[in-house]
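**Q** Got a structure for you, run_31.txt, holding compact mmCIF, C-alpha atoms.
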```
# COMPACT_ATOMS: atom_id res chain seq x y z
CA MET A 287 0.00 0.00 0.00
CA SER A 288 1.12 3.57 -0.68
CA LEU A 289 2.07 6.05 2.04
CA ALA A 290 -1.10 8.00 1.30
CA SER A 291 -3.21 4.86 1.67
CA ASN A 292 -1.56 3.99 4.98
CA THR A 293 -2.13 7.50 6.27
CA GLU A 294 -5.78 7.35 5.24
CA LEU A 295 -6.18 3.92 6.86
CA LEU A 296 -4.63 5.21 10.10
CA GLN A 297 -6.96 8.21 10.22
CA THR A 298 -10.01 6.08 9.43
CA SER A 299 -9.09 3.63 12.20
CA ARG A 300 -8.62 6.42 14.73
CA ASP A 301 -11.88 8.09 13.79
CA ALA A 302 -13.77 4.82 14.15
CA ALA A 303 -12.30 4.22 17.62
CA LYS A 304 -13.13 7.73 18.82
CA ASN A 305 -16.80 7.21 17.96
CA THR A 306 -17.17 4.20 20.27
CA SER A 307 -18.66 4.40 23.77
CA ALA A 308 -15.42 3.12 25.32
CA TYR A 309 -13.32 5.89 23.82
CA LYS A 310 -15.85 8.57 24.79
CA ARG A 311 -15.76 7.36 28.39
CA ILE A 312 -11.96 7.41 28.39
CA SER A 313 -12.00 10.96 27.03
CA LEU A 314 -14.15 12.07 29.98
CA LEU A 315 -11.89 10.25 32.44
CA PHE A 316 -8.54 11.68 31.38
CA ASP A 317 -7.29 15.23 31.06
CA GLU A 318 -7.97 16.55 27.58
CA GLY A 319 -5.40 15.46 25.01
CA THR A 320 -3.40 13.23 27.38
CA PHE A 321 -4.74 9.77 26.51
CA ASN A 322 -2.36 7.52 24.57
CA GLU A 323 -3.77 4.25 23.25
CA ILE A 324 -1.80 1.00 23.38
CA ASP A 325 -2.26 -1.87 20.89
CA ALA A 326 -4.79 0.14 18.92
CA PHE A 327 -4.57 -2.25 15.95
CA ALA A 328 -4.85 -5.54 17.84
CA LYS A 329 -7.44 -7.84 16.26
CA SER A 330 -9.93 -10.36 17.61
CA GLY A 331 -10.67 -12.40 14.52
CA ASP A 332 -11.31 -9.91 11.74
CA LYS A 333 -12.48 -7.12 14.09
CA PRO A 334 -10.73 -4.80 16.54
CA ALA A 335 -10.11 -6.30 19.99
CA GLU A 336 -13.08 -5.67 22.27
CA ALA A 337 -11.31 -3.25 24.65
CA ILE A 338 -9.44 0.03 24.38
CA VAL A 339 -6.39 0.32 26.65
CA GLY A 340 -3.82 3.01 27.29
CA PHE A 341 -2.57 5.67 29.65
CA GLY A 342 -2.92 9.37 30.38
CA THR A 343 -3.21 11.82 33.25
CA ILE A 344 -6.05 12.72 35.60
CA GLU A 345 -5.54 16.18 37.08
CA GLY A 346 -1.89 15.62 36.24
CA CYS A 347 -1.72 12.18 37.91
CA PRO A 348 -0.58 9.33 35.58
CA ALA A 349 -2.97 6.36 35.30
CA TYR A 350 -3.66 3.34 33.10
CA VAL A 351 -7.06 2.29 31.82
CA PHE A 352 -8.75 -0.57 30.03
CA ALA A 353 -12.27 0.00 28.77
CA GLN A 354 -14.38 -2.85 27.47
CA ASN A 355 -15.90 -1.70 24.20
CA SER A 356 -19.54 -2.78 24.02
CA ASP A 357 -19.71 -1.40 20.46
CA VAL A 358 -17.49 -4.29 19.30
CA ASP A 359 -19.31 -7.60 19.74
CA GLY A 360 -20.76 -6.43 23.06
CA GLY A 361 -17.29 -6.14 24.62
CA ALA A 362 -17.10 -9.93 24.89
CA MET A 363 -13.94 -11.22 26.57
CA SER A 364 -11.50 -12.82 24.14
CA LYS A 365 -7.88 -13.89 23.99
CA ALA A 366 -7.02 -10.64 22.20
CA GLN A 367 -8.81 -8.46 24.77
CA ALA A 368 -7.10 -10.29 27.64
CA SER A 369 -3.71 -9.77 26.01
CA LYS A 370 -4.30 -6.01 25.88
CA ILE A 371 -5.49 -5.85 29.50
CA LYS A 372 -2.53 -7.90 30.75
CA LYS A 373 -0.19 -5.45 29.05
CA VAL A 374 -1.73 -2.63 31.09
CA TYR A 375 -1.19 -4.59 34.32
CA ASP A 376 2.43 -5.29 33.38
CA LEU A 377 3.10 -1.62 32.65
CA ALA A 378 1.45 -0.60 35.92
CA VAL A 379 3.88 -2.85 37.83
CA LYS A 380 6.85 -1.31 36.04
CA THR A 381 5.80 2.32 36.41
CA GLY A 382 3.78 2.32 39.62
CA ALA A 383 0.62 3.99 38.34
CA PRO A 384 -3.02 3.18 39.22
CA VAL A 385 -5.20 1.00 36.99
CA ILE A 386 -8.81 1.86 36.16
CA GLY A 387 -10.96 -0.84 34.59
CA ILE A 388 -14.14 0.23 32.78
CA TYR A 389 -16.48 -2.77 32.62
CA ASP A 390 -19.21 -3.13 29.99
CA SER A 391 -19.38 -6.61 28.47
CA ILE A 392 -22.00 -9.21 27.61
CA GLY A 393 -19.65 -11.98 28.77
CA GLY A 394 -17.04 -14.12 27.04
CA ARG A 395 -16.48 -15.40 23.49
CA LEU A 396 -17.83 -18.91 23.88
CA ASN A 397 -16.50 -19.92 20.48
CA GLU A 398 -12.95 -19.49 21.81
CA GLY A 399 -13.54 -22.24 24.37
CA GLY A 400 -10.40 -22.95 26.38
CA ASP A 401 -8.72 -19.74 25.20
CA MET A 402 -11.55 -17.71 26.73
CA VAL A 403 -11.28 -19.56 30.06
CA ALA A 404 -7.51 -19.04 30.07
CA ALA A 405 -8.00 -15.34 29.25
CA TYR A 406 -10.25 -14.81 32.25
CA GLY A 407 -7.90 -16.75 34.52
CA GLU A 408 -4.83 -14.77 33.47
CA ILE A 409 -6.54 -11.42 34.07
CA LEU A 410 -7.77 -12.59 37.46
CA LEU A 411 -4.23 -13.68 38.35
CA HIS A 412 -2.67 -10.41 37.17
CA SER A 413 -5.23 -8.35 39.08
CA ASN A 414 -4.71 -10.30 42.30
CA ASN A 415 -0.92 -10.07 42.02
CA LEU A 416 -1.18 -6.30 41.52
CA SER A 417 -3.37 -5.86 44.60
CA GLY A 418 -1.62 -3.69 47.17
CA VAL A 419 0.99 -2.53 44.64
CA VAL A 420 -1.02 0.15 42.83
CA PRO A 421 -4.60 1.27 43.47
CA GLN A 422 -7.14 -0.52 41.28
CA ILE A 423 -10.51 1.09 40.61
CA ALA A 424 -13.37 -0.70 38.84
CA LEU A 425 -15.76 1.59 36.99
CA VAL A 426 -18.80 -0.52 36.11
CA LEU A 427 -20.95 1.20 33.48
CA GLY A 428 -22.73 -1.75 31.88
CA PRO A 429 -23.05 -5.52 32.35
CA CYS A 430 -20.29 -7.10 34.42
CA ILE A 431 -21.20 -10.70 35.13
CA GLY A 432 -19.60 -14.04 35.93
CA THR A 433 -15.81 -14.05 36.11
CA SER A 434 -15.62 -10.41 35.05
CA ALA A 435 -17.55 -9.56 38.21
CA MET A 436 -14.94 -11.40 40.29
CA ILE A 437 -12.19 -9.33 38.69
CA ALA A 438 -14.05 -6.07 39.26
CA ALA A 439 -14.98 -6.97 42.84
CA GLY A 440 -11.32 -7.60 43.64
CA SER A 441 -10.49 -3.96 42.94
CA ASP A 442 -9.76 -1.62 45.81
CA ILE A 443 -12.75 0.56 44.99
CA VAL A 444 -15.81 -0.24 42.85
CA VAL A 445 -17.87 2.61 41.35
CA MET A 446 -21.12 1.89 39.49
CA SER A 447 -23.71 3.89 37.62
CA LYS A 448 -27.36 3.06 38.32
CA LYS A 449 -27.85 1.25 35.03
CA ALA A 450 -24.85 -1.06 35.49
CA GLU A 451 -24.93 -4.72 36.55
CA LEU A 452 -22.47 -6.56 38.78
CA THR A 453 -23.07 -10.19 39.70
CA ILE A 454 -21.39 -13.57 39.59
CA GLU A 455 -24.66 -15.04 38.26
CA THR A 456 -24.14 -15.44 34.52
CA GLY A 457 -27.85 -14.84 34.00
CA GLY A 458 -27.53 -11.42 35.60
CA ALA A 459 -29.72 -12.15 38.65
CA ASP A 460 -29.37 -9.79 41.64
CA GLY A 461 -26.93 -7.66 39.70
CA SER A 462 -28.27 -4.15 40.23
CA ALA A 463 -26.00 -1.40 41.51
CA ASP A 464 -28.09 -1.02 44.67
CA GLU A 465 -27.87 -4.75 45.37
CA ALA A 466 -24.09 -4.69 44.92
CA ALA A 467 -23.89 -1.73 47.30
CA LYS A 468 -26.06 -3.42 49.94
CA ILE A 469 -23.84 -6.52 50.06
CA GLY A 470 -20.68 -4.40 50.26
CA VAL A 471 -19.21 -5.17 46.82
CA CYS A 472 -19.84 -1.71 45.32
CA HIS A 473 -18.51 1.33 47.20
CA ILE A 474 -20.10 4.19 45.26
CA VAL A 475 -23.32 4.29 43.21
CA THR A 476 -24.14 7.29 41.01
CA GLU A 477 -27.18 8.19 38.95
CA THR A 478 -25.29 8.78 35.71
CA GLU A 479 -22.15 7.64 33.93
CA ASP A 480 -20.71 11.14 33.98
CA GLU A 481 -21.08 11.29 37.77
CA ALA A 482 -19.38 7.91 38.14
CA ILE A 483 -16.46 9.04 36.00
CA ALA A 484 -16.17 12.26 38.03
CA LYS A 485 -16.00 10.19 41.25
CA VAL A 486 -13.15 8.13 39.82
CA ARG A 487 -11.27 11.29 38.84
CA ALA A 488 -11.62 12.58 42.41
CA LEU A 489 -10.40 9.28 43.87
CA VAL A 490 -7.33 9.04 41.64
CA THR A 491 -6.18 12.51 42.66
CA SER A 492 -6.60 11.61 46.36
CA LEU A 493 -4.81 8.24 46.36
CA PRO A 494 -1.08 7.47 46.28
CA ALA A 495 0.15 6.30 42.89
CA ASN A 496 1.53 3.09 44.40
CA ASN A 497 2.63 1.42 47.63
CA LEU A 498 6.03 3.13 47.67
CA THR A 499 4.90 6.74 47.35
CA GLY A 500 3.38 8.80 50.11
CA ALA A 501 -0.19 10.00 50.30
CA PRO A 502 -0.81 13.08 48.15
CA VAL A 503 -0.52 16.56 49.66
CA VAL A 504 -2.30 19.44 47.95
CA ASP A 505 -0.55 22.78 47.51
CA VAL A 506 -3.28 24.80 49.21
CA LEU A 507 -3.84 24.14 52.91
CA GLY A 508 -7.39 22.82 53.31
CA MET A 509 -9.87 24.26 55.77
CA SER A 510 -13.07 23.05 57.39
CA SER A 511 -16.01 25.43 57.70
CA ALA A 512 -18.19 22.91 59.60
CA ALA A 513 -19.78 24.01 62.86
CA PRO A 514 -17.67 23.38 66.01
CA LEU A 515 -18.18 19.92 67.45
CA ALA A 516 -19.99 19.29 70.71
CA ALA A 517 -20.64 16.21 72.84
CA GLY A 518 -23.12 13.88 71.19
CA ALA A 519 -22.10 14.79 67.63
CA SER A 520 -22.91 12.12 65.03
CA ALA A 521 -20.28 10.16 63.10
CA LYS A 522 -20.88 12.18 59.95
CA ASP A 523 -20.76 15.47 61.85
CA VAL A 524 -17.37 14.51 63.28
CA ILE A 525 -16.05 13.61 59.85
CA SER A 526 -17.35 16.88 58.36
CA ALA A 527 -15.60 18.85 61.07
CA VAL A 528 -12.26 17.08 60.62
CA ALA A 529 -12.12 16.73 56.81
CA ASP A 530 -11.29 19.65 54.56
CA ASP A 531 -14.34 21.16 52.91
CA ASP A 532 -15.81 19.15 50.01
CA THR A 533 -13.06 16.50 50.03
CA PHE A 534 -14.67 13.54 51.83
CA VAL A 535 -15.56 10.66 49.51
CA GLU A 536 -17.64 8.12 51.41
CA LEU A 537 -17.14 4.46 50.54
CA GLY A 538 -19.76 1.77 51.17
CA ALA A 539 -22.53 4.05 52.41
CA GLN A 540 -25.22 1.35 52.01
CA PHE A 541 -23.27 -1.46 53.72
CA GLY A 542 -22.37 -1.85 57.38
CA THR A 543 -23.99 1.44 58.35
CA ALA A 544 -22.73 1.29 61.95
CA VAL A 545 -19.44 2.62 60.58
CA VAL A 546 -18.73 5.43 58.11
CA THR A 547 -15.59 5.07 55.98
CA GLY A 548 -14.03 7.22 53.30
CA ILE A 549 -11.07 9.14 51.91
CA ALA A 550 -10.59 12.85 52.59
CA GLN A 551 -8.04 15.60 52.75
CA VAL A 552 -7.16 16.72 56.27
CA ALA A 553 -5.23 20.01 56.21
CA GLY A 554 -4.28 19.19 52.64
CA SER A 555 -3.07 15.62 53.24
CA THR A 556 -4.93 12.43 52.31
CA ALA A 557 -6.28 10.35 55.19
CA GLY A 558 -8.68 7.46 55.66
CA LEU A 559 -11.49 8.33 58.07
CA VAL A 560 -13.40 5.66 60.04
CA ALA A 561 -16.25 6.61 62.38
CA TYR A 562 -18.00 3.98 64.51
CA GLU A 563 -21.46 4.72 65.85
CA GLY A 564 -23.72 2.33 67.77
CA GLU A 565 -23.35 -1.44 67.98
CA ILE A 566 -20.71 -2.72 65.54
CA ASP A 567 -22.32 -5.57 63.61
CA ALA A 568 -20.70 -8.12 61.30
CA ASP A 569 -21.11 -6.02 58.15
CA ALA A 570 -19.62 -2.94 59.82
CA CYS A 571 -16.62 -4.98 61.00
CA ALA A 572 -16.01 -6.39 57.51
CA LYS A 573 -16.36 -2.97 55.91
CA ALA A 574 -13.97 -1.26 58.33
CA ALA A 575 -11.45 -4.13 58.26
CA ARG A 576 -11.10 -4.06 54.48
CA PHE A 577 -10.89 -0.27 54.47
CA VAL A 578 -8.12 -0.26 57.08
CA ARG A 579 -6.19 -2.88 55.11
CA PHE A 580 -6.59 -0.81 51.94
CA CYS A 581 -5.27 2.31 53.67
CA ASP A 582 -2.37 0.36 55.16
CA ALA A 583 -1.39 -1.10 51.78
CA PHE A 584 -0.78 2.41 50.47
CA ALA A 585 0.46 4.05 53.70
CA ILE A 586 -2.63 6.25 54.00
CA PRO A 587 -3.03 7.38 57.65
CA VAL A 588 -6.12 6.03 59.40
CA VAL A 589 -8.08 8.32 61.73
CA SER A 590 -10.74 6.49 63.76
CA PHE A 591 -13.59 8.04 65.72
CA VAL A 592 -15.13 5.65 68.24
CA ASN A 593 -18.56 5.76 69.82
CA ALA A 594 -19.57 2.11 70.18
CA ALA A 595 -20.14 -0.07 73.21
CA GLY A 596 -19.84 -3.54 71.68
CA PHE A 597 -19.64 -6.05 68.83
CA THR A 598 -22.29 -8.50 67.62
CA SER A 599 -19.99 -11.00 65.88
CA LEU A 600 -16.89 -12.62 67.39
CA ARG A 601 -15.48 -13.74 64.05
CA GLU A 602 -15.88 -10.34 62.41
CA ALA A 603 -14.61 -8.53 65.51
CA SER A 604 -11.48 -10.69 65.33
CA LYS A 605 -11.08 -9.75 61.66
CA LEU A 606 -11.34 -6.06 62.48
CA SER A 607 -8.90 -6.33 65.39
CA SER A 608 -6.37 -8.14 63.19
CA SER A 609 -6.65 -5.48 60.49
CA TYR A 610 -5.85 -2.70 62.94
CA SER A 611 -3.05 -4.48 64.79
CA GLU A 612 -1.36 -5.59 61.56
CA ALA A 613 -1.52 -2.14 59.94
CA THR A 614 1.73 -0.19 60.16
CA THR A 615 0.42 3.06 58.69
CA ALA A 616 -0.09 6.03 61.01
CA LYS A 617 -3.14 5.48 63.24
CA VAL A 618 -4.84 8.18 65.31
CA THR A 619 -7.96 7.40 67.35
CA VAL A 620 -10.43 9.75 69.02
CA VAL A 621 -12.98 8.31 71.45
CA THR A 622 -15.99 10.57 70.92
CA GLY A 623 -18.50 8.61 73.02
CA GLU A 624 -18.34 5.09 74.39
CA ALA A 625 -15.42 2.66 74.07
CA TYR A 626 -15.67 -0.37 76.33
CA GLY A 627 -13.75 -3.64 76.56
CA PRO A 628 -13.29 -5.38 73.21
CA VAL A 629 -14.20 -2.25 71.21
CA TYR A 630 -11.57 -0.13 72.94
CA MET A 631 -8.94 -2.84 72.62
CA ALA A 632 -9.73 -3.69 68.97
CA VAL A 633 -9.88 -0.23 67.42
CA ALA A 634 -8.72 2.38 69.92
CA GLY A 635 -5.91 1.29 72.21
CA ARG A 636 -2.81 -0.83 72.45
CA GLY A 637 -4.46 -3.86 70.88
CA ALA A 638 -5.03 -1.79 67.76
CA ALA A 639 -1.42 -0.52 67.88
CA ALA A 640 -2.79 3.01 67.74
CA ASP A 641 -0.01 5.60 67.71
CA VAL A 642 -2.13 8.13 69.57
CA THR A 643 -5.46 7.69 71.34
CA MET A 644 -7.39 10.74 72.48
CA ALA A 645 -10.77 10.99 74.19
CA TRP A 646 -13.32 13.76 74.46
CA ALA A 647 -13.86 14.98 78.02
CA SER A 648 -17.44 13.72 77.69
CA ALA A 649 -16.37 10.23 76.56
CA ALA A 650 -16.49 6.97 78.52
CA VAL A 651 -13.55 4.54 78.38
CA SER A 652 -13.52 1.31 80.35
CA PRO A 653 -12.11 -2.25 80.19
CA ILE A 654 -15.66 -3.52 80.76
CA SER A 655 -19.10 -2.04 80.19
CA PRO A 656 -20.46 0.16 83.01
CA ALA A 657 -23.37 -2.26 83.50
CA THR A 658 -21.00 -5.19 84.02
CA GLY A 659 -18.55 -3.21 86.10
CA ALA A 660 -21.18 -1.77 88.42
CA MET A 661 -22.76 -5.16 89.06
CA PHE A 662 -19.42 -6.90 89.50
CA LEU A 663 -17.94 -4.36 91.92
CA TRP A 664 -20.92 -2.82 93.64
CA ASN A 665 -23.68 -5.42 93.55
CA ASP A 666 -23.67 -5.59 97.35
CA ARG A 667 -24.95 -2.00 97.43
CA LEU A 668 -28.27 -3.22 96.03
CA ALA A 669 -28.87 -5.46 99.03
CA GLY A 670 -32.07 -4.47 100.75
CA SER A 671 -32.98 -1.94 98.03
CA SER A 672 -36.69 -1.08 97.86
CA ASN A 673 -36.36 -0.18 94.15
CA PRO A 674 -33.55 -2.35 92.71
CA ILE A 675 -34.24 -1.44 89.08
CA GLU A 676 -33.84 2.30 89.61
CA ASP A 677 -30.97 1.84 92.05
CA ARG A 678 -29.19 -0.35 89.52
CA LYS A 679 -29.48 2.41 86.92
CA LYS A 680 -27.98 4.86 89.40
CA LEU A 681 -25.09 2.50 90.12
CA ILE A 682 -24.34 2.14 86.40
CA ALA A 683 -24.43 5.92 85.95
CA GLU A 684 -22.09 6.35 88.92
CA TYR A 685 -19.68 3.74 87.52
CA LYS A 686 -19.69 5.46 84.15
CA GLU A 687 -18.96 8.81 85.75
CA LYS A 688 -16.24 7.64 88.15
CA GLU A 689 -14.67 4.51 86.71
CA ALA A 690 -15.14 5.06 82.95
CA CYS A 691 -14.02 8.68 83.15
CA PRO A 692 -11.51 9.61 80.40
CA PHE A 693 -9.27 11.31 82.97
CA LYS A 694 -8.91 8.05 84.84
CA ALA A 695 -8.08 6.28 81.56
CA ALA A 696 -5.50 8.97 80.83
CA ALA A 697 -4.01 8.66 84.32
CA GLU A 698 -3.57 4.93 83.74
CA GLY A 699 -2.03 5.48 80.28
CA TYR A 700 -4.90 4.12 78.21
CA VAL A 701 -5.38 7.40 76.34
CA GLU A 702 -2.69 9.96 75.58
CA ASP A 703 -4.85 13.06 75.74
CA VAL A 704 -8.26 14.29 76.89
CA ILE A 705 -9.61 17.01 74.60
CA LEU A 706 -12.64 19.17 74.00
CA PRO A 707 -14.81 18.27 70.98
CA ALA A 708 -14.05 21.64 69.38
CA GLU A 709 -10.31 20.83 69.46
CA THR A 710 -10.67 17.59 67.49
CA ARG A 711 -9.57 18.78 64.05
CA ALA A 712 -6.57 20.72 65.36
CA LYS A 713 -5.43 17.77 67.48
CA VAL A 714 -5.85 15.29 64.62
CA VAL A 715 -3.91 17.54 62.24
CA ALA A 716 -1.07 17.97 64.75
CA ASN A 717 -0.76 14.24 65.32
CA LEU A 718 -0.87 13.39 61.63
CA GLU A 719 1.93 15.87 61.01
CA MET A 720 3.97 14.32 63.83
CA LEU A 721 3.41 10.81 62.43
CA SER A 722 4.13 11.67 58.80
CA GLY A 723 7.57 10.07 59.02
CA LYS A 724 6.46 6.91 60.81
CA ARG A 725 8.53 3.82 60.02
CA VAL A 726 7.88 0.31 61.36
CA SER A 727 9.79 -2.95 60.87
CA ARG A 728 7.90 -6.19 61.35
CA LEU A 729 8.88 -9.81 61.84
CA PRO A 730 9.68 -11.55 58.55
CA LYS A 731 6.65 -13.56 57.40
CA LYS A 732 4.45 -13.97 54.35
CA HIS A 733 1.26 -12.71 56.00
CA ALA A 734 -0.89 -13.12 59.09
CA ASN A 735 -3.64 -15.74 59.18
CA ILE A 736 -6.63 -13.59 60.09
CA GLN A 737 -10.31 -14.51 60.26
CA MET A 738 -11.92 -14.12 56.83
```
What do you get writing this file as structure tokens?
**A**
Amino acid sequence: MSLASNTELLQTSRDAAKNTSAYKRISLLFDEGTFNEIDAFAKSGDKPAEAIVGFGTIEGCPAYVFAQNSDVDGGAMSKAQASKIKKVYDLAVKTGAPVIGIYDSIGGRLNEGGDMVAAYGEILLHSNNLSGVVPQIALVLGPCIGTSAMIAAGSDIVVMSKKAELTIETGGADGSADEAAKIGVCHIVTETEDEAIAKVRALVTSLPANNLTGAPVVDVLGMSSAAPLAAGASAKDVISAVADDDTFVELGAQFGTAVVTGIAQVAGSTAGLVAYEGEIDADACAKAARFVRFCDAFAIPVVSFVNAAGFTSLREASKLSSSYSEATTAKVTVVTGEAYGPVYMAVAGRGAAADVTMAWASAAVSPISPATGAMFLWNDRLAGSSNPIEDRKKLIAEYKEKEACPFKAAAEGYVEDVILPAETRAKVVANLEMLSGKRVSRLPKKHANIQM
């Protein structure tokens, strides 16, 4: 072919790609003019491979992407598509940049048989091996079923638009975005594709590029304009007061609602915020445990706010405790309400290997619950009572005031500082700055064997 013919063919190929849904989504994801496609001319049979892959920048941050192209045979997984996606994973390992997967596929190419099965397996292997090395974000904008759903669910963060589907059932049952959010697989659900893409852009700019770089710090010092905190403030009020304005991205809002988790800027630096409120059930434990492990993998400081008297699941409580104690990232805890026994030890104190534990002056910290403590120590004071029910309540209140007092906990070394609610943000910022150079060496081992 002549040079003119080759030039015309190249332009025609590029124009065709830019008109596909996958390319349009990529264009919205990356900074204008920064996307560079890889393997643009790879073929699956006599058609282009069913995914577009490449790299670019998001608010100046380098990132890789693969986008299943539903305009080419429904984005069906094939040997050619898998080869392109694996190349992105390999480059991410070499360069230490995040990977964003855009999922929109009707399934796999059944006519490829064993090659299709091998393709899925190799992508699953590459994704699992990359876990904890660079952040992986799954952006589900269409069908994502069967093995593809396993790959997407293994990402650090899953973002879905309302119309998307995510389920291991190959028939698509129970695959709605809301269902995925309720079972804790999806972290963010948006009404539109554009909103989902915007959420991913915000996340990429907040997260470290890989496990060897520090958490991002913005040039402009962030501020919080939230109302000053007071005793009894809710978990979300505490987070709003500590996080810089308009920077908190909540993850898993519909799952494990006894804990609020998310990424935010705190005085310009990225931090993971965890706020416990009420009884910590199994879902809340699982949600918080995975979030803490995610933050630890990328050295994102974890700030925990605790107002919870107990757990409902031993197995999940053990999982949460292991996640905290194993994490070597900076950990700051503020007891904003109740923290008794296992809760204090698992997420607030020495058992959690917290670097600093503070408590509001209105908080209650105790190795056992006030009800148990009062009855164990002072039960004899109920002897001969004419109104034992009311007198028991008074004993519990007295125990909480005298024995679960934060000043007593501080005197015994269980908390490092007692603070006023209004001082919370300033104290958290000061401690995060102090801990910014934290370094920890651990015993040589492959990994801990935690409850799963």
**Q** Would you please work out which residue, of A:Thr491, A:Pro653, A:Val419, A:Ser671, is nearest to Lys686 (chain A) when using only C-alpha atoms?
**A**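 Selected residue with least distance to Lys686 (chain A): A:Pro653.
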**Q** What gap, in Å, lies between CA of Ser722 (chain A) and CA of Ala557 (chain A)?
**A** 11.1 Å
**Q** Using only C-alpha atoms, list the residues that have an atom at most 10 Å from (-19.4, 0.6, 22.5), coordinates as in the file, as a list in words.
**A**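 Those residues, ordered by chain and then number, are Ala303, Asn305, Thr306, Ser307, Ala308, Tyr309, Lys310, Arg311, Glu336, Ala337, Ala353, Gln354, Asn355, Ser356, Asp357, Val358, Asp359, Gly360, Gly361, Asp390 and Ser391 of chain A.
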**Q** Quick one: residues within 12 Å of Ile469 (chain A), all atoms listed in the file, excluding same-chain residues fewer than 4 positions away - as a list in words?
**A** Ala439, Leu452, Thr453, Asp460, Gly461, Ser462, Ala463, Asp464, Glu465, His473, Gly538, Ala539, Gln540, Phe541, Gly542, Thr543, Ala568, Asp569, Ala570, Ala572 and Lys573 of chain A
**Q** Extract, using only C-alpha atoms, all DNA, RNA and protein residues at most 12 Å from Ile549 (chain A), discarding same-chain residues fewer than 5 positions from it, and format them as a PyMOL selection string.
**A** chain A and resi 443+473+485+488-494+501-502+525-526+528-530+532-538+555-561+577-578+580-581+586-589
**Q** What does the structure give for the distance between CA of Ala716 (chain A) and CA of Ala553 (chain A), in Å to one decimal?
**A**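 Going from CA of Ala716 (chain A) over to CA of Ala553 (chain A) covers 9.7 Å.
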**Q** Would you mind telling me which residue in A:Ala424, A:Ala647, A:Ala378, A:Ile386 lies nearest to Ala696 (chain A) when using only C-alpha atoms?
**A** A:Ala647
**Q** Just give me the gap between CA of Arg725 (chain A) and CA of Gln737 (chain A) in Å, one decimal is fine.
**A**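 CA of Gln737 (chain A) lies 26.3 Å from CA of Arg725 (chain A).
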**Q** Need the shell around Thr320 (chain A): protein/DNA/RNA residues with any atom at most 9 Å away, counting only C-alpha atoms. Skip same-chain ones fewer than 5 positions apart. Format as number ranges by chain?
**A** A: 313, 341-344
**Q** (-8.0, -17.4, 34.1) in this file's frame - what residues fall within 12 Å of it? Use only C-alpha atoms and give the answer as JSON, numbers by chain.
**A** {"A": [363, 364, 365, 368, 369, 372, 394, 400, 401, 402, 403, 404, 405, 406, 407, 408, 409, 410, 411, 412, 413, 414, 433, 434, 436, 437]}
**Q** Do you know which residues are at most 9 Å from Ala328 (chain A) counting all atoms listed in the file, after dropping those on the same chain fewer than 4 positions away, and could you put them as a list in words?
**A** Lys333, Pro334, Ala335, Ala366, Gln367 and Lys370 of chain A
**Q** Select, from A:Ala625, A:Val726, A:Ala512, A:Gly548, the residue with the minimum atom-to-atom distance to Gly564 (chain A), counting all atoms listed in the file.
**A**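 Between A:Ala625, A:Val726, A:Ala512, A:Gly548, the residue approaching Gly564 (chain A) most closely is A:Ala625.
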**Q** Let me make sure I understand: among A:Gly319, A:Gly458, A:Pro707, A:Pro628, which one has the smallest atom-to-atom distance to Ala649 (chain A) if we use all atoms listed in the file?
**A**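 When distances to Ala649 (chain A) are compared using all atoms listed in the file, the smallest one comes from A:Pro707.
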**Q** For each of A:Tyr700, A:Phe584, A:Phe591, A:Phe321, take the minimum atom-to-atom distance to Met631 (chain A), counting all atoms listed in the file, then give the residue where this is smallest.
**A**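 Of the candidates, the smallest distance to Met631 (chain A) is held by A:Tyr700.
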